[in-house]
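A.B. asks: One structure coming up, written as structure tokens, with questions to follow.
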Amino acid sequence: MASGDTALIRELIVRPVRVPMPEPHRTASGVVAESPLVLTDVVTDSGVVGHGMVFTYTPAALAPVADLIRNCGPLVTGLPLAPAEIEQSLARRFRLLGTQGLVGMAMAAIDMALWDALARGLGMPLVRLLGGAAKPVRCYGPVGYDGEDGSAATAARWVSRGFTGVKAKIGYPTVDEDVAVIRAVRKAVGPEVSIMVDYNQCLVPAEAVERVRRLDAEGLAWIEEPTLAHDYAGHAMVAREARTPIQCGENWWGTTDMRHAIEAGASDYVMPDVMKIGGVTGWLRAAAIAQAFGLPVSSHLWPELSARLLCCTPTSHWLEYSDWWNPVLKTPLRVENGMAVISDDDGSGIEWDEEAVRRFAV
Ligand SMILES: [Mg+2]
């Protein structure tokens, strides 16, 4: 493509897949045993293909999200490859319905694919297109809701791979059990490794206050979503009472949710999810808001794309590492000594393993 020409969108190709997890991931809010994903390709008139991927959490949402993305095809084909402009145009189209939930997922899938196509068409990595520089990004490893021994064993495995942070799911029937798991993990990883914990929204605010007061003595890096994600007043109450930083963000739909959470004082740190926050376009806006408020930014899932975006985020904090979707990726994120290493491939670093995509196709 000659520089100066703007490519046009020729078509969207949408493929739902169900990717089994090597091991089911237990949380206080249920078990995740597979990843229902919708893979979206944007094809331009010059034949460039950009990739985007969204996670529908439940297979029940897989076909509806895939249909929604397909139904957006006629709204974007023939338009110039301009992600922020298309975001505005789709936001107007969906204003009366709302852009949370499945609509937000569909818009994020298209946005991710558009940015990938834009960078590939210009022959540059996404980080460079966004004005950033690729650098190593610090990762933490996830630990499931697996009790004292299971959690300690998983945490030790991450540390043996060079990770300097681990995040354990808690929210056991009693706070004593939460503390026992944290202490088992601490014993396994030693004093230098950062330990985060995640309640996955399972407490009411009053109980969350009681529990975080106990957890304050454990030297945790953060306590995540102690109560319902959209109960900003409840989170603010917990954040006021806790000395440990409170972390929220993975369930914010767009920057308006983020704004409301910040205005409420709900969270000391922020961890937008690149899908729910609105794709690359939404992430860039969230990063600017976080910078203005001096809030450290971590990521949620999407390690390949998030690592690149954290390189362009002024208050970058931690990357949440996850290997759940590696089976459909030709080049999953490389991690060396606990740091994500960003390839200098064009685009956002997403390439499908087509054989695996066929195998997991729905
Ligand atoms: Mg979480």
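Identifiers in this document derive from the order of the structure tokens: chains are assigned A, B, ..., residues are numbered from 1 separately in each chain, and ligands are numbered from 1 in order of occurrence.
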Got a sec to tell me which of region 15-261 of chain A DSSP assigns to alpha helix (DSSP H), as a ChimeraX atom specification?

C.D. replies: /A:62-76,83-93,101-121,126-129,147-160,175-189,205-215,232-241,254-261

A.B. asks: Considering only C-alpha atoms, return as a PyMOL selection string whatever protein or nucleic-acid residues lie within 12 Å of Pro16 (chain A), sequence-local ones (same chain, fewer than 2 positions apart) excluded.

C.D. replies: chain A and resi 13-14+18-19+35-41+52-56+59-70+109+328+357-362

A.B. asks: Choose the residue, out of A:Gly254, A:Gly147, A:Pro205, A:Ala217, that has the smallest atom-to-atom separation from Arg240 (chain A); count only C-alpha atoms.

C.D. replies: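 Using only C-alpha atoms, Arg240 (chain A) sits closest to A:Pro205.
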
A.B. asks: What does the list of residues within 12 Å of ligand 1 look like if you count only C-alpha atoms and all ligand atoms, written as a ChimeraX atom specification?

C.D. replies: /A:26-29,142-145,167-170,196-202,222-229,246-252,270-273,298-301,320

A.B. asks: Could you write those residues out with C-alpha atoms, as an mmCIF file, in the first residue's frame?

C.D. replies:
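To be explicit, this is the file written out as selection.cif:
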```cif
data_model
loop_
_atom_site.group_PDB
_atom_site.id
_atom_site.type_symbol
_atom_site.label_atom_id
_atom_site.label_comp_id
_atom_site.auth_asym_id
_atom_site.auth_seq_id
_atom_site.Cartn_x
_atom_site.Cartn_y
_atom_site.Cartn_z
ATOM 1 C CA ARG A 26 -11.376 -22.545 39.527
ATOM 2 C CA THR A 27 -12.514 -19.185 40.935
ATOM 3 C CA ALA A 28 -14.768 -18.164 43.827
ATOM 4 C CA SER A 29 -17.428 -17.472 41.178
ATOM 5 C CA PRO A 142 -2.279 -16.771 37.858
ATOM 6 C CA VAL A 143 -3.045 -19.203 40.698
ATOM 7 C CA GLY A 144 -6.507 -20.829 40.827
ATOM 8 C CA TYR A 145 -8.892 -21.419 43.728
ATOM 9 C CA LYS A 167 -2.084 -13.782 41.856
ATOM 10 C CA ALA A 168 -4.140 -16.240 43.887
ATOM 11 C CA LYS A 169 -7.893 -16.689 43.749
ATOM 12 C CA ILE A 170 -9.365 -16.488 47.238
ATOM 13 C CA MET A 196 -1.931 -10.345 44.627
ATOM 14 C CA VAL A 197 -5.281 -11.878 45.557
ATOM 15 C CA ASP A 198 -8.591 -11.894 43.684
ATOM 16 C CA TYR A 199 -12.028 -12.309 45.298
ATOM 17 C CA ASN A 200 -13.833 -12.344 41.912
ATOM 18 C CA GLN A 201 -16.661 -10.212 43.377
ATOM 19 C CA CYS A 202 -17.769 -12.840 45.900
ATOM 20 C CA TRP A 222 -3.313 -5.720 45.834
ATOM 21 C CA ILE A 223 -6.764 -7.112 46.646
ATOM 22 C CA GLU A 224 -8.908 -7.479 43.518
ATOM 23 C CA GLU A 225 -12.685 -7.114 43.158
ATOM 24 C CA PRO A 226 -13.638 -7.848 46.766
ATOM 25 C CA THR A 227 -17.281 -7.058 45.965
ATOM 26 C CA LEU A 228 -19.558 -6.728 42.915
ATOM 27 C CA ALA A 229 -17.651 -5.101 40.065
ATOM 28 C CA ILE A 246 -7.760 -2.297 45.895
ATOM 29 C CA GLN A 247 -7.638 -3.349 42.243
ATOM 30 C CA CYS A 248 -10.596 -3.220 39.812
ATOM 31 C CA GLY A 249 -11.225 -2.772 36.110
ATOM 32 C CA GLU A 250 -11.627 -6.082 34.289
ATOM 33 C CA ASN A 251 -15.409 -5.647 34.265
ATOM 34 C CA TRP A 252 -15.606 -2.004 33.263
ATOM 35 C CA VAL A 270 -6.848 -0.058 37.444
ATOM 36 C CA MET A 271 -6.780 -3.146 35.226
ATOM 37 C CA PRO A 272 -8.920 -2.587 32.135
ATOM 38 C CA ASP A 273 -9.768 -5.604 30.020
ATOM 39 C CA SER A 298 -2.382 -3.564 34.715
ATOM 40 C CA SER A 299 -4.036 -5.809 32.133
ATOM 41 C CA HIS A 300 -6.582 -8.630 32.116
ATOM 42 C CA LEU A 301 -6.167 -11.670 29.808
ATOM 43 C CA GLU A 320 -1.577 -10.624 33.722
#
```

A.B. asks: Write out as a PyMOL selection string which residues come within 10 Å of Thr99 (chain A) when counting only C-alpha atoms, dropping same-chain ones fewer than 5 positions away.

C.D. replies: chain A and resi 90-94+104-107+253-254+276+278

A.B. asks: Selected residues, C-alpha atoms, written as a PDB file, in the first residue's frame, please.

C.D. replies:
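Done, and the output landed in selection36.pdb:
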```pdb
ATOM      1  CA  LEU A  90     -20.606   1.984  15.523  1.00  0.00           C
ATOM      2  CA  ALA A  91     -21.144   3.732  18.879  1.00  0.00           C
ATOM      3  CA  ARG A  92     -23.710   5.996  17.178  1.00  0.00           C
ATOM      4  CA  ARG A  93     -25.404   3.001  15.526  1.00  0.00           C
ATOM      5  CA  PHE A  94     -25.757   1.216  18.878  1.00  0.00           C
ATOM      6  CA  GLY A 104     -19.302  -4.113  23.291  1.00  0.00           C
ATOM      7  CA  MET A 105     -17.670  -7.470  22.603  1.00  0.00           C
ATOM      8  CA  ALA A 106     -18.537  -7.258  18.909  1.00  0.00           C
ATOM      9  CA  MET A 107     -17.226  -3.706  18.657  1.00  0.00           C
ATOM     10  CA  TRP A 253     -17.486  -1.618  29.984  1.00  0.00           C
ATOM     11  CA  GLY A 254     -15.842   1.324  28.273  1.00  0.00           C
ATOM     12  CA  LYS A 276     -14.588  -4.733  27.730  1.00  0.00           C
ATOM     13  CA  GLY A 278     -13.403  -1.117  23.929  1.00  0.00           C
TER      14      GLY A 278
END
```

A.B. asks: Please provide as JSON, numbers by chain all residues within 9 Å of Pro83 (chain A), with the sequence filter that same-chain residues fewer than 4 positions apart are discarded (counting only C-alpha atoms).

C.D. replies: {"A": [87, 88, 110, 111, 112, 113, 114, 115, 118, 280, 281]}

A.B. asks: Using only C-alpha atoms, can you tell me which of A:Gly347, A:Pro24, A:Gly162, A:Gly30 comes closest to Gly123 (chain A)?

C.D. replies: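 Comparing A:Gly347, A:Pro24, A:Gly162, A:Gly30 against Gly123 (chain A), the winner is A:Gly347.
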
A.B. asks: Which residues of region 183-279 of chain A have any atom within 10 Å of an atom in region 288-295 of chain A when counting only C-alpha atoms, and what is the closest pair of atoms for each, with the distance in Å to one decimal? Order the rows by chain and rising number and write it as a Markdown table.

C.D. replies:
```
| residue | atom | partner | partner_atom | distance |
| --- | --- | --- | --- | --- |
| A:Thr255 | CA | A:Ile289 | CA | 8.4 |
| A:Met258 | CA | A:Ile289 | CA | 8.6 |
| A:Arg259 | CA | A:Ile289 | CA | 8.1 |
| A:Ile262 | CA | A:Phe293 | CA | 8.5 |
| A:Ser267 | CA | A:Leu295 | CA | 9.0 |
| A:Asp268 | CA | A:Leu295 | CA | 6.9 |
| A:Tyr269 | CA | A:Leu295 | CA | 5.5 |
| A:Val270 | CA | A:Leu295 | CA | 6.5 |
| A:Met271 | CA | A:Leu295 | CA | 9.7 |
```

A.B. asks: For the residues selected in the previous step, produce a file with N, CA and C atoms as a compact mmCIF listing (two decimals), in the first residue's frame.

C.D. replies:
```txt
# COMPACT_ATOMS: atom_id res chain seq x y z
N THR A 255 -14.90 3.43 28.85
CA THR A 255 -14.27 4.40 29.74
C THR A 255 -15.29 5.14 30.62
N MET A 258 -15.23 3.26 33.75
CA MET A 258 -13.95 3.59 34.41
C MET A 258 -14.05 4.94 35.11
N ARG A 259 -14.63 5.90 34.41
CA ARG A 259 -14.79 7.24 34.98
C ARG A 259 -15.64 7.17 36.26
N ILE A 262 -13.65 5.65 39.10
CA ILE A 262 -12.62 6.58 39.62
C ILE A 262 -13.29 7.70 40.42
N SER A 267 -11.24 2.29 43.39
CA SER A 267 -10.06 1.46 43.12
C SER A 267 -8.79 2.29 43.22
N ASP A 268 -7.76 1.70 43.83
CA ASP A 268 -6.47 2.39 43.92
C ASP A 268 -5.63 2.18 42.67
N TYR A 269 -5.83 1.02 42.02
CA TYR A 269 -5.16 0.69 40.78
C TYR A 269 -6.24 0.41 39.73
N VAL A 270 -5.86 0.30 38.47
CA VAL A 270 -6.85 -0.06 37.44
C VAL A 270 -6.30 -1.16 36.55
N MET A 271 -7.19 -2.06 36.14
CA MET A 271 -6.78 -3.15 35.23
C MET A 271 -7.85 -3.36 34.16
```

A.B. asks: Can you tell me which residues surround Ala340 (chain A) at a distance of at most 12 Å, considering only C-alpha atoms, apart from same-chain residues fewer than 6 positions away, and format the answer as an mmCIF file with C-alpha atoms, in the first residue's frame?

C.D. replies:
```cif
data_model
loop_
_atom_site.group_PDB
_atom_site.id
_atom_site.type_symbol
_atom_site.label_atom_id
_atom_site.label_comp_id
_atom_site.auth_asym_id
_atom_site.auth_seq_id
_atom_site.Cartn_x
_atom_site.Cartn_y
_atom_site.Cartn_z
ATOM 1 C CA ALA A 134 8.754 -2.313 22.566
ATOM 2 C CA LYS A 135 10.222 -3.160 25.960
ATOM 3 C CA PRO A 136 10.052 -6.076 28.393
ATOM 4 C CA VAL A 137 6.812 -6.084 30.399
ATOM 5 C CA ARG A 138 6.673 -7.503 33.930
ATOM 6 C CA CYS A 139 4.220 -10.411 34.260
ATOM 7 C CA TYR A 140 2.508 -12.155 37.143
ATOM 8 C CA GLY A 141 1.283 -15.720 37.021
ATOM 9 C CA GLY A 162 11.297 -16.360 36.782
ATOM 10 C CA PHE A 163 7.970 -14.662 37.513
ATOM 11 C CA PRO A 303 -1.496 -11.131 27.048
ATOM 12 C CA GLU A 304 -0.203 -10.707 23.473
ATOM 13 C CA LEU A 305 -2.199 -7.555 22.760
ATOM 14 C CA SER A 306 -2.071 -6.235 26.346
ATOM 15 C CA ALA A 307 1.734 -6.485 26.500
ATOM 16 C CA ARG A 308 1.952 -4.256 23.442
ATOM 17 C CA LEU A 310 1.234 -1.650 28.208
ATOM 18 C CA CYS A 311 4.338 -0.510 26.258
ATOM 19 C CA TRP A 318 1.757 -5.491 35.635
ATOM 20 C CA LEU A 319 0.768 -7.794 32.770
ATOM 21 C CA GLU A 320 -1.577 -10.624 33.722
ATOM 22 C CA TYR A 321 -0.027 -13.640 32.026
ATOM 23 C CA SER A 322 -2.344 -16.329 30.689
ATOM 24 C CA PRO A 332 1.970 -17.086 21.719
ATOM 25 C CA LEU A 333 3.579 -14.409 23.855
ATOM 26 C CA ARG A 334 7.159 -15.233 24.816
#
```
